[in-house]
file input.txt (compact mmCIF, C-alpha atoms)
# COMPACT_ATOMS: atom_id res chain seq x y z
CA MET A 1 103.32 189.44 149.09
CA GLN A 2 102.29 186.35 147.19
CA LYS A 3 103.24 185.96 143.54
CA ILE A 4 101.31 183.98 140.95
CA ALA A 5 102.64 183.15 137.49
CA VAL A 6 100.32 182.81 134.50
CA THR A 7 101.58 180.75 131.56
CA PRO A 8 101.72 182.00 127.98
CA PRO A 9 98.80 180.79 125.83
CA TYR A 10 100.98 178.43 123.76
CA PHE A 11 102.76 175.22 124.71
CA TYR A 12 106.54 175.04 124.39
CA GLN A 13 109.36 172.59 124.97
CA GLY A 14 110.45 172.44 128.60
CA GLU A 15 107.33 174.15 129.95
CA ALA A 16 106.70 171.66 132.75
CA GLN A 17 110.23 172.18 134.04
CA ALA A 18 109.78 175.95 133.84
CA ILE A 19 106.59 175.66 135.90
CA ALA A 20 108.33 173.51 138.51
CA ASP A 21 111.22 175.95 138.66
CA ALA A 22 108.84 178.88 139.19
CA LEU A 23 107.22 177.08 142.12
CA CYS A 24 110.36 175.65 143.71
CA ASN A 25 113.08 178.20 143.04
CA ARG A 26 111.60 181.53 141.99
CA GLY A 27 109.19 182.34 144.79
CA PHE A 28 105.83 181.82 143.05
CA ALA A 29 103.04 180.53 145.27
CA ARG A 30 100.95 179.25 142.35
CA VAL A 31 101.05 178.85 138.59
CA HIS A 32 97.92 179.40 136.52
CA ILE A 33 97.91 177.37 133.30
CA ARG A 34 96.03 179.32 130.63
CA LYS A 35 95.83 177.67 127.19
CA PRO A 36 92.75 178.91 125.29
CA GLY A 37 91.64 176.46 122.62
CA CYS A 38 93.79 173.56 123.79
CA THR A 39 92.50 170.01 124.00
CA SER A 40 92.15 168.00 127.20
CA GLN A 41 94.87 165.68 125.93
CA GLU A 42 97.31 168.59 125.47
CA MET A 43 96.50 169.97 128.92
CA GLU A 44 96.83 166.56 130.56
CA ARG A 45 100.23 165.96 128.97
CA LEU A 46 101.53 169.23 130.40
CA VAL A 47 100.04 168.78 133.88
CA GLU A 48 101.25 165.19 134.20
CA ALA A 49 104.78 166.33 133.34
CA VAL A 50 104.73 168.56 136.45
CA PRO A 51 105.78 166.67 139.61
CA ARG A 52 102.70 165.38 141.45
CA ASN A 53 103.59 167.11 144.69
CA LEU A 54 103.46 170.50 142.93
CA ARG A 55 100.10 170.03 141.20
CA PRO A 56 98.02 171.31 144.15
CA ARG A 57 99.71 174.67 143.44
CA LEU A 58 98.41 174.74 139.87
CA SER A 59 95.17 176.34 138.65
CA LEU A 60 93.65 175.64 135.24
CA HIS A 61 91.89 178.22 133.07
CA ASP A 62 90.85 175.56 130.56
CA CYS A 63 90.02 171.85 130.43
CA PHE A 64 88.54 171.65 133.92
CA ASP A 65 87.96 167.93 133.40
CA VAL A 66 91.70 167.45 133.75
CA ALA A 67 91.89 169.20 137.12
CA ALA A 68 90.35 166.46 139.30
CA ARG A 69 91.95 163.59 137.36
CA ALA A 70 95.48 165.00 137.63
CA GLY A 71 95.37 166.30 141.21
CA VAL A 72 95.31 170.01 140.28
CA GLY A 73 94.47 172.34 143.16
CA GLY A 74 92.52 175.15 141.48
CA VAL A 75 90.38 176.36 138.60
CA HIS A 76 90.02 179.89 137.25
CA LEU A 77 86.59 180.91 135.95
CA ASN A 78 86.24 182.80 132.68
CA ARG A 79 83.90 183.17 129.71
CA ARG A 80 85.01 179.81 128.34
CA ASN A 81 84.48 178.09 131.69
CA PRO A 82 82.07 180.13 133.85
CA VAL A 83 81.42 177.57 136.60
CA PRO A 84 83.58 175.07 138.52
CA PRO A 85 83.29 171.34 137.77
CA GLN A 86 80.47 169.57 139.59
CA GLY A 87 81.60 168.50 143.05
CA TRP A 88 84.77 170.63 142.89
CA ASN A 89 86.44 171.11 146.30
CA GLY A 90 89.61 172.92 145.28
CA LEU A 91 90.39 176.63 144.99
CA VAL A 92 88.31 178.82 142.69
CA SER A 93 89.40 182.16 141.27
CA ARG A 94 88.24 184.59 138.57
CA SER A 95 89.13 187.91 136.98
CA ILE A 96 87.53 191.31 137.56
CA HIS A 97 88.11 194.64 135.85
CA SER A 98 86.66 197.37 138.07
CA ALA A 99 86.81 198.54 141.68
CA GLN A 100 83.06 198.01 142.00
CA GLU A 101 83.43 194.28 141.41
CA ILE A 102 85.75 193.78 144.39
CA ALA A 103 82.89 193.53 146.88
CA GLU A 104 81.15 190.93 144.67
CA VAL A 105 84.01 188.41 144.76
CA ARG A 106 82.81 185.18 146.37
CA GLU A 107 85.60 182.98 145.05
CA ASP A 108 88.79 182.25 146.99
CA TYR A 109 90.59 185.08 145.17
CA ALA A 110 90.39 187.25 142.06
CA PHE A 111 92.70 189.02 139.63
CA LEU A 112 91.97 192.73 139.18
CA SER A 113 93.27 193.86 135.81
CA PRO A 114 94.87 195.71 134.25
CA VAL A 115 96.37 197.67 137.13
CA PHE A 116 99.22 198.95 134.92
CA PRO A 117 99.38 199.09 131.11
CA SER A 118 99.61 195.50 129.93
CA ILE A 119 102.99 194.14 128.78
CA SER A 120 101.48 191.49 126.51
CA LYS A 121 98.70 193.74 125.14
CA PRO A 122 100.10 197.20 124.33
CA GLY A 123 97.44 199.88 124.72
CA TYR A 124 95.37 197.82 127.19
CA ARG A 125 94.95 200.11 130.20
CA ALA A 126 92.98 200.22 133.42
CA SER A 127 89.36 201.35 133.27
CA PHE A 128 89.63 202.59 136.85
CA ASN A 129 91.66 205.14 138.77
CA PRO A 130 94.05 203.58 141.32
CA LEU A 131 92.66 206.04 143.87
CA GLU A 132 89.37 204.14 143.67
CA LEU A 133 91.10 201.17 145.30
CA SER A 134 91.91 202.95 148.53
CA GLY A 135 90.12 201.21 151.37
CA VAL A 136 88.26 198.70 149.17
CA LEU A 137 90.93 196.09 148.47
CA THR A 138 90.54 192.83 150.35
CA PRO A 139 92.91 189.90 151.07
CA LYS A 140 91.30 188.17 148.08
CA ILE A 141 92.49 190.61 145.41
CA PHE A 142 95.62 190.09 143.31
CA ALA A 143 96.95 192.69 140.86
CA LEU A 144 97.31 191.68 137.21
CA GLY A 145 98.39 193.61 134.12
CA GLY A 146 101.77 195.23 133.59
CA VAL A 147 103.09 193.71 136.82
CA THR A 148 106.86 193.41 137.06
CA PRO A 149 109.08 192.49 140.04
CA GLN A 150 110.03 196.16 140.33
CA ARG A 151 106.38 197.13 140.91
CA LEU A 152 105.71 194.67 143.73
CA PRO A 153 106.55 197.13 146.57
CA GLN A 154 104.16 199.68 145.06
CA LEU A 155 101.39 197.08 144.84
CA GLU A 156 101.96 196.05 148.45
CA ARG A 157 101.63 199.68 149.55
CA MET A 158 98.39 199.92 147.56
CA GLY A 159 96.99 197.03 149.62
CA PHE A 160 96.97 194.13 147.18
CA ALA A 161 97.24 190.64 148.67
CA GLY A 162 99.57 189.63 145.87
CA ALA A 163 100.34 189.94 142.21
CA ALA A 164 99.95 187.80 139.12
CA MET A 165 102.44 188.04 136.28
CA LEU A 166 102.23 186.84 132.71
CA THR A 167 105.11 188.11 130.59
CA ALA A 168 107.33 189.16 133.50
CA ALA A 169 107.01 185.78 135.22
CA TRP A 170 108.89 184.02 132.44
CA ARG A 171 110.85 186.73 130.63
CA ARG A 172 114.63 186.57 130.78
CA GLU A 173 115.85 189.67 132.59
CA PHE A 174 118.86 191.64 131.38
CA THR A 175 120.49 194.54 133.11
CA ARG A 176 120.68 198.17 132.07
CA GLU A 177 124.46 197.81 131.79
CA GLN A 178 124.25 194.73 129.56
CA PHE A 179 121.79 196.41 127.21
CA ALA A 180 123.68 199.73 127.11
CA MET A 181 126.23 198.75 124.43
CA GLN A 182 125.57 195.94 121.99
CA PHE A 183 128.32 194.74 119.71
CA ILE A 184 127.25 193.26 116.37
CA THR A 185 129.83 191.11 114.63
CA HIS A 186 130.87 191.24 111.01
CA PRO A 187 134.05 189.96 109.37
CA THR A 188 136.63 192.46 108.12
CA LEU A 189 139.95 192.18 106.32
CA ARG A 190 141.65 192.63 109.72
CA PHE A 191 139.49 190.55 112.04
CA SER A 192 137.36 187.41 112.06
CA VAL A 193 133.97 187.62 113.78
CA GLU A 194 135.39 185.76 116.80
CA LYS A 195 138.32 188.16 117.12
CA GLY A 196 136.01 191.15 116.81
CA ALA A 197 133.76 189.79 119.54
CA ALA A 198 136.74 189.10 121.80
CA MET A 199 137.99 192.69 121.47
CA ALA A 200 134.54 194.18 122.09
CA LEU A 201 134.13 192.04 125.21
CA ALA A 202 137.60 193.02 126.43
CA GLY A 203 136.52 196.64 126.03
CA GLY A 204 133.47 196.18 128.25
CA SER A 205 130.62 195.13 125.97
CA ARG A 206 128.36 192.62 127.70
CA TRP A 207 126.08 191.92 124.76
CA VAL A 208 127.29 190.31 121.53
CA GLN A 209 125.14 189.56 118.51
CA LEU A 210 126.58 187.06 116.05
CA ARG A 211 125.72 188.46 112.63
CA HIS A 212 127.44 186.95 109.61
CA LYS A 213 124.99 187.05 106.74
CA ASP A 214 127.03 185.16 104.14
CA ALA A 215 128.21 182.36 106.43
CA SER A 216 127.07 178.76 106.08
CA ILE A 217 125.31 177.01 108.94
CA GLU A 218 128.49 175.03 109.62
CA GLN A 219 130.52 178.23 109.83
CA LEU A 220 127.94 179.87 112.10
CA LEU A 221 128.04 176.87 114.40
CA THR A 222 131.83 177.05 114.64
CA GLU A 223 131.82 180.81 115.21
CA GLY A 224 128.89 180.55 117.59
CA GLU A 225 130.56 177.94 119.79
CA ARG A 226 133.63 180.14 120.18
CA ILE A 227 131.65 183.32 120.83
CA ALA A 228 129.43 181.49 123.32
CA GLU A 229 132.56 180.50 125.26
CA LEU A 230 133.80 184.11 125.21
CA CYS A 231 130.45 185.44 126.40
CA HIS A 232 130.37 182.89 129.21
CA LYS A 233 133.87 183.98 130.26
CA TYR A 234 132.84 187.65 130.39
CA GLU A 235 129.31 186.97 131.77
CA ALA A 236 127.89 188.59 128.66
CA LEU A 237 124.71 187.85 126.72
CA PHE A 238 125.03 185.99 123.44
CA ILE A 239 122.44 186.73 120.75
CA ILE A 240 122.21 185.11 117.31
CA ASP A 241 121.01 187.07 114.30
CA ASP A 242 118.14 185.48 112.36
CA HIS A 243 118.83 181.76 112.97
CA VAL A 244 116.15 180.64 115.43
CA GLU A 245 117.11 177.02 114.81
CA LEU A 246 120.60 177.57 116.26
CA VAL A 247 119.58 179.18 119.57
CA ASN A 248 119.19 175.99 121.58
CA GLU A 249 121.99 174.16 119.80
CA LEU A 250 124.48 176.88 120.75
CA GLY A 251 122.98 177.64 124.14
CA ALA A 252 122.47 181.26 123.11
CA ASP A 253 120.57 183.68 125.29
CA GLY A 254 118.42 184.88 122.42
CA VAL A 255 117.87 185.75 118.79
CA HIS A 256 117.50 189.00 116.86
CA LEU A 257 114.99 188.97 114.02
CA GLY A 258 115.02 191.32 111.05
CA LYS A 259 111.86 192.43 109.28
CA ASN A 260 112.26 189.65 106.69
CA ASP A 261 113.20 186.91 109.16
CA MET A 262 110.91 184.50 111.01
CA PRO A 263 107.96 186.37 112.60
CA VAL A 264 108.47 187.16 116.28
CA ALA A 265 105.30 185.31 117.32
CA GLU A 266 106.44 182.11 115.61
CA ALA A 267 109.92 182.36 117.13
CA ARG A 268 108.34 182.87 120.54
CA ARG A 269 106.22 179.74 120.14
CA GLN A 270 109.27 177.73 119.12
CA LEU A 271 111.67 179.06 121.76
CA GLY A 272 109.37 179.73 124.70
CA PRO A 273 109.00 182.84 126.87
CA SER A 274 112.43 182.90 128.56
CA VAL A 275 114.58 183.27 125.43
CA ILE A 276 115.41 186.88 124.55
CA ILE A 277 113.90 187.92 121.23
CA GLY A 278 114.79 191.23 119.62
CA ALA A 279 113.06 192.71 116.59
CA THR A 280 114.26 195.21 114.01
CA ALA A 281 112.06 198.28 113.54
CA ASN A 282 112.06 201.44 111.45
CA THR A 283 108.67 202.87 112.43
CA PHE A 284 106.34 203.09 115.40
CA ALA A 285 104.04 200.59 113.68
CA ASP A 286 106.93 198.11 113.53
CA ILE A 287 107.48 198.49 117.28
CA GLU A 288 103.80 198.16 118.09
CA ALA A 289 103.56 194.94 116.07
CA ALA A 290 106.72 193.50 117.64
CA ALA A 291 105.48 194.28 121.14
CA LYS A 292 102.17 192.53 120.49
CA ALA A 293 104.03 189.52 119.07
CA GLY A 294 106.15 189.11 122.20
CA ALA A 295 109.50 190.81 121.50
CA ASP A 296 111.74 191.64 124.46
CA TYR A 297 113.55 194.58 122.89
CA ILE A 298 113.67 196.63 119.72
CA GLY A 299 116.58 197.43 117.42
CA LEU A 300 115.50 200.78 115.94
CA GLY A 301 117.27 202.25 112.95
CA PRO A 302 119.12 203.09 110.95
CA PHE A 303 120.29 206.31 112.57
CA ARG A 304 122.23 207.11 109.41
CA PHE A 305 123.59 205.23 106.42
CA THR A 306 125.75 202.24 107.28
CA SER A 307 127.85 200.15 104.92
CA THR A 308 127.40 196.95 106.97
CA LYS A 309 123.78 196.43 105.98
CA LYS A 310 122.08 195.98 102.62
CA ASN A 311 118.56 197.20 101.73
CA LEU A 312 118.44 199.89 104.39
CA SER A 313 115.16 201.33 105.62
CA PRO A 314 114.85 205.15 105.64
CA VAL A 315 117.34 206.77 108.02
CA LEU A 316 115.79 208.19 111.19
CA GLY A 317 118.20 210.70 112.67
CA THR A 318 117.67 212.10 116.16
CA HIS A 319 114.26 213.60 115.32
CA GLY A 320 113.00 210.23 114.09
CA TYR A 321 114.03 208.54 117.33
CA ALA A 322 112.44 211.29 119.43
CA ASP A 323 109.13 211.03 117.56
CA ILE A 324 108.94 207.23 117.68
CA LEU A 325 109.95 206.97 121.34
CA SER A 326 107.38 209.64 122.25
CA ARG A 327 104.67 207.62 120.53
CA CYS A 328 105.80 204.49 122.40
CA ARG A 329 105.42 206.28 125.73
CA GLN A 330 101.95 207.51 124.76
CA ALA A 331 100.93 203.97 123.80
CA GLY A 332 102.31 202.46 127.02
CA ILE A 333 104.97 200.43 125.18
CA GLU A 334 107.93 200.05 127.52
CA LEU A 335 110.20 197.74 125.53
CA PRO A 336 113.82 198.88 125.69
CA VAL A 337 115.10 200.27 122.40
CA VAL A 338 118.65 200.04 121.07
CA ALA A 339 119.71 202.48 118.35
CA ILE A 340 121.67 201.19 115.39
CA GLY A 341 123.18 202.42 112.13
CA GLY A 342 126.39 204.36 111.62
CA ILE A 343 126.49 205.78 115.17
CA THR A 344 129.64 207.51 116.43
CA ASP A 345 130.55 208.63 119.94
CA GLY A 346 129.55 212.19 119.11
CA ASP A 347 126.00 211.08 118.27
CA ILE A 348 125.40 209.22 121.51
CA PRO A 349 124.31 212.03 123.91
CA ALA A 350 121.60 213.28 121.55
CA ILE A 351 120.35 209.78 120.74
CA LEU A 352 120.10 208.74 124.39
CA SER A 353 118.24 211.94 125.24
CA THR A 354 115.31 210.65 123.13
CA GLY A 355 114.67 207.73 125.51
CA VAL A 356 116.77 205.10 123.74
CA ALA A 357 118.22 202.60 126.25
CA GLY A 358 121.23 201.32 124.33
CA ILE A 359 123.54 201.75 121.35
CA ALA A 360 124.45 199.00 118.88
CA LEU A 361 127.87 199.24 117.26
CA SER A 362 129.99 197.38 114.78
CA SER A 363 132.16 199.33 112.31
CA SER A 364 133.03 202.13 114.73
CA VAL A 365 134.70 199.54 116.98
CA LEU A 366 136.22 197.28 114.35
CA GLY A 367 137.52 200.19 112.28
CA ALA A 368 139.44 201.72 115.19
CA ALA A 369 143.20 201.35 115.57
CA ASN A 370 142.57 199.67 118.93
CA PRO A 371 139.06 198.14 118.93
CA ALA A 372 139.10 197.15 122.60
CA ALA A 373 140.10 200.67 123.65
CA GLN A 374 137.44 202.13 121.35
CA ALA A 375 134.77 199.87 122.84
CA ALA A 376 135.79 200.98 126.33
CA ALA A 377 135.69 204.66 125.33
CA THR A 378 132.28 204.31 123.72
CA LEU A 379 130.87 202.46 126.70
CA SER A 380 132.06 205.28 128.97
CA VAL A 381 130.23 207.82 126.81
CA ILE A 382 127.05 205.73 126.84
CA LEU A 383 126.99 205.19 130.60
CA LYS A 384 127.73 208.86 131.22
CA ASN A 385 124.71 209.92 129.15
CA LEU A 386 122.28 207.13 129.96
CA SER A 387 119.39 208.49 132.00
call {"tool": "encode", "arguments": {"input": "input.txt", "output": "structure tokens"}}
result
Amino acid sequence: MQKIAVTPPYFYQGEAQAIADALCNRGFARVHIRKPGCTSQEMERLVEAVPRNLRPRLSLHDCFDVAARAGVGGVHLNRRNPVPPQGWNGLVSRSIHSAQEIAEVREDYAFLSPVFPSISKPGYRASFNPLELSGVLTPKIFALGGVTPQRLPQLERMGFAGAAMLTAAWRREFTREQFAMQFITHPTLRFSVEKGAAMALAGGSRWVQLRHKDASIEQLLTEGERIAELCHKYEALFIIDDHVELVNELGADGVHLGKNDMPVAEARRQLGPSVIIGATANTFADIEAAAKAGADYIGLGPFRFTSTKKNLSPVLGTHGYADILSRCRQAGIELPVVAIGGITDGDIPAILSTGVAGIALSSSVLGAANPAAQAAATLSVILKNLS
């Protein structure tokens, strides 16, 4: 089945290369460039940075005047641009939102949305029953809304000609095993942050967050370079706490943002869609806002009091996790959640039973007689109880 990628609505550094990579290496038949409110000059700069031989596989949602000048192959009609340019001979597509509209499609193809609850717009759900689609789908109809690679076989069985992806087309994937146990650094009298990370990785952690609140930028750069090397050695993900400006310099996989750090939406605009961005939350409202802003995962806590963090939010306990995760499911928010805050091995089964997808640890590992062995033991407990 054909795959189409739809760009995020903002421009970001390296976007033309990301588009080329999607077309050449990641199996996408087309890329739709959607930039509401952009100028023709901004659109032309992006399109002209894409290799000319790939431009026939682009479709523009905005600035149709650029399409013919730059050799673009398609335009997508919408409220901003309801008709193709005069004399247009390329592909034409549009969006529809009900089963009844399928028979009215006269364009080359159309996106029917949302088929699943939207990833980029939590709470945005289909206005139709999937059963209505039986026997009415045509080779012109592509699924849009909540589409992920995992859902492609289901969409093919439903009869869609293909699928269009927004968030999932560009998002950096991480595995269930990587997310399951996240180690967060902090210096102790016994261990530096680099040594702590090395022991956690040796014990099986495949996700390390560099958190050292009192360190200077120079110290973070030194620590970050060493931890990046360790993570590369162990094929682990390297996340930086707070410092968006260091992500690219250190080649980190992502950044974790606290409630008083840079807003998620601003970090997303600066870093682009393929960098992992985590957001701290204490309430369902926090999660809902982070999801709308483009976060990839949520750090939810604290579970209980922890001495490694100042200015704690109210502790949640197991009942707090259960309530918040239940509300996420009801709202169609599927972001993975990692629990944090004073968690011990004995807490893990009950926490994971609430729908949490991972456990973040620091003191329980670093305070053990053998931190690497403790990390391995904790990971075993997590994987045993992870649904």
call {"tool": "atom_distance", "arguments": {"input": "input.txt", "atom1": "atom CA of Asn260 of chain A", "atom2": "atom CA of Gly294 of chain A"}}
result
16.7 Å
call {"tool": "residues_around", "arguments": {"input": "input.txt", "residues": "Phe142 of chain A", "least_positions_apart": "2", "cutoff": "6 Å", "atoms": "only C-alpha atoms", "output": "number ranges by chain"}}
result
A: 111, 160-163
call {"tool": "closest_atom_pairs", "arguments": {"input": "input.txt", "of": "segment 212-309 of chain A", "to": "segment 15-38 of chain A", "cutoff": "12 Å", "atoms": "only C-alpha atoms", "output": "tab-separated table"}}
result
residue	atom	partner	partner_atom	distance
A:Arg269	CA	A:Glu15	CA	11.3
A:Gln270	CA	A:Glu15	CA	11.6
A:Leu271	CA	A:Glu15	CA	10.5
A:Gly272	CA	A:Glu15	CA	7.9
A:Pro273	CA	A:Glu15	CA	9.4
A:Ser274	CA	A:Ala18	CA	9.1
call {"tool": "closest_residue", "arguments": {"input": "input.txt", "among": "A:Thr344, A:Gln330, A:Ser98, A:Ser363", "to": "Leu112 of chain A", "atoms": "all atoms listed in the file"}}
result
A:Ser98
call {"tool": "axis_aligned_box", "arguments": {"input": "input.txt", "around": "segment 226-229 of chain A", "padding_each_side": "3 Å", "output": "AutoDock Vina command-line options"}}
result
--center_x 131.5 --center_y 181.7 --center_z 122.7 --size_x 10.2 --size_y 9.2 --size_z 11.1
call {"tool": "atom_distance", "arguments": {"input": "input.txt", "atom1": "atom CA of Ala252 of chain A", "atom2": "atom CA of Ile359 of chain A"}}
result
20.6 Å
call {"tool": "atom_distance", "arguments": {"input": "input.txt", "atom1": "atom CA of Gly254 of chain A", "atom2": "atom CA of Leu386 of chain A"}}
result
23.8 Å
call {"tool": "closest_residue", "arguments": {"input": "input.txt", "among": "A:Phe11, A:Thr354, A:Ser362, A:Ala369", "to": "Ala197 of chain A", "atoms": "only C-alpha atoms"}}
result
A:Ser362
call {"tool": "closest_residue", "arguments": {"input": "input.txt", "among": "A:Ala293, A:Ala200, A:Ile239, A:Val315", "to": "Ala265 of chain A", "atoms": "all atoms listed in the file"}}
result
A:Ala293
call {"tool": "closest_atom_pairs", "arguments": {"input": "input.txt", "of": "segment 235-344 of chain A", "to": "segment 371-385 of chain A", "cutoff": "12 Å", "atoms": "only C-alpha atoms", "output": "tab-separated table"}}
result
residue	atom	partner	partner_atom	distance
A:Val338	CA	A:Ile382	CA	11.7
A:Ala339	CA	A:Ile382	CA	11.7
A:Ile343	CA	A:Thr378	CA	10.4
A:Thr344	CA	A:Thr378	CA	8.4
call {"tool": "write_last_selection", "arguments": {"input": "input.txt", "atoms": "C-alpha atoms", "output": "CSV table (one decimal), keeping the file's coordinate frame"}}
result
chain,number,residue,atom,x,y,z
A,338,VAL,CA,118.6,200.0,121.1
A,339,ALA,CA,119.7,202.5,118.4
A,343,ILE,CA,126.5,205.8,115.2
A,344,THR,CA,129.6,207.5,116.4
call {"tool": "closest_residue", "arguments": {"input": "input.txt", "among": "A:Ile141, A:Pro263, A:Val66, A:Ala49", "to": "Arg94 of chain A", "atoms": "all atoms listed in the file"}}
result
A:Ile141
call {"tool": "residues_around", "arguments": {"input": "input.txt", "residues": "Pro139 of chain A", "least_positions_apart": "6", "cutoff": "12 Å", "atoms": "all atoms listed in the file", "output": "ChimeraX atom specification"}}
result
/A:1-2,102-103,105,107-111,156,158-163
call {"tool": "residues_around", "arguments": {"input": "input.txt", "residues": "Thr283 of chain A", "least_positions_apart": "2", "cutoff": "9 Å", "atoms": "only C-alpha atoms", "output": "list in words"}}
result
Ala281, Ala285, Asp286, Ile287, Glu288, Leu300, Gly301, Leu316, Gly320 and Ile324 of chain A
call {"tool": "residues_around", "arguments": {"input": "input.txt", "residues": "Ile217 of chain A", "least_positions_apart": "5", "cutoff": "12 Å", "atoms": "all atoms listed in the file", "output": "PyMOL selection string"}}
result
chain A and resi 212+222-224+242-246+249-250
call {"tool": "residues_around", "arguments": {"input": "input.txt", "residues": "Arg176 of chain A", "least_positions_apart": "3", "cutoff": "10 Å", "atoms": "only C-alpha atoms", "output": "PDB file with C-alpha atoms, in the coordinates of the input"}}
result
ATOM      1  CA  GLU A 173     115.850 189.670 132.590  1.00  0.00           C
ATOM      2  CA  PHE A 179     121.790 196.410 127.210  1.00  0.00           C
ATOM      3  CA  ALA A 180     123.680 199.730 127.110  1.00  0.00           C
ATOM      4  CA  MET A 181     126.230 198.750 124.430  1.00  0.00           C
ATOM      5  CA  PRO A 336     113.820 198.880 125.690  1.00  0.00           C
ATOM      6  CA  ALA A 357     118.220 202.600 126.250  1.00  0.00           C
ATOM      7  CA  GLY A 358     121.230 201.320 124.330  1.00  0.00           C
ATOM      8  CA  LEU A 383     126.990 205.190 130.600  1.00  0.00           C
ATOM      9  CA  LEU A 386     122.280 207.130 129.960  1.00  0.00           C
TER      10      LEU A 386
END
call {"tool": "closest_residue", "arguments": {"input": "input.txt", "among": "A:Phe238, A:Ile96, A:Ala5, A:Arg80", "to": "Thr148 of chain A", "atoms": "all atoms listed in the file"}}
result
A:Ala5
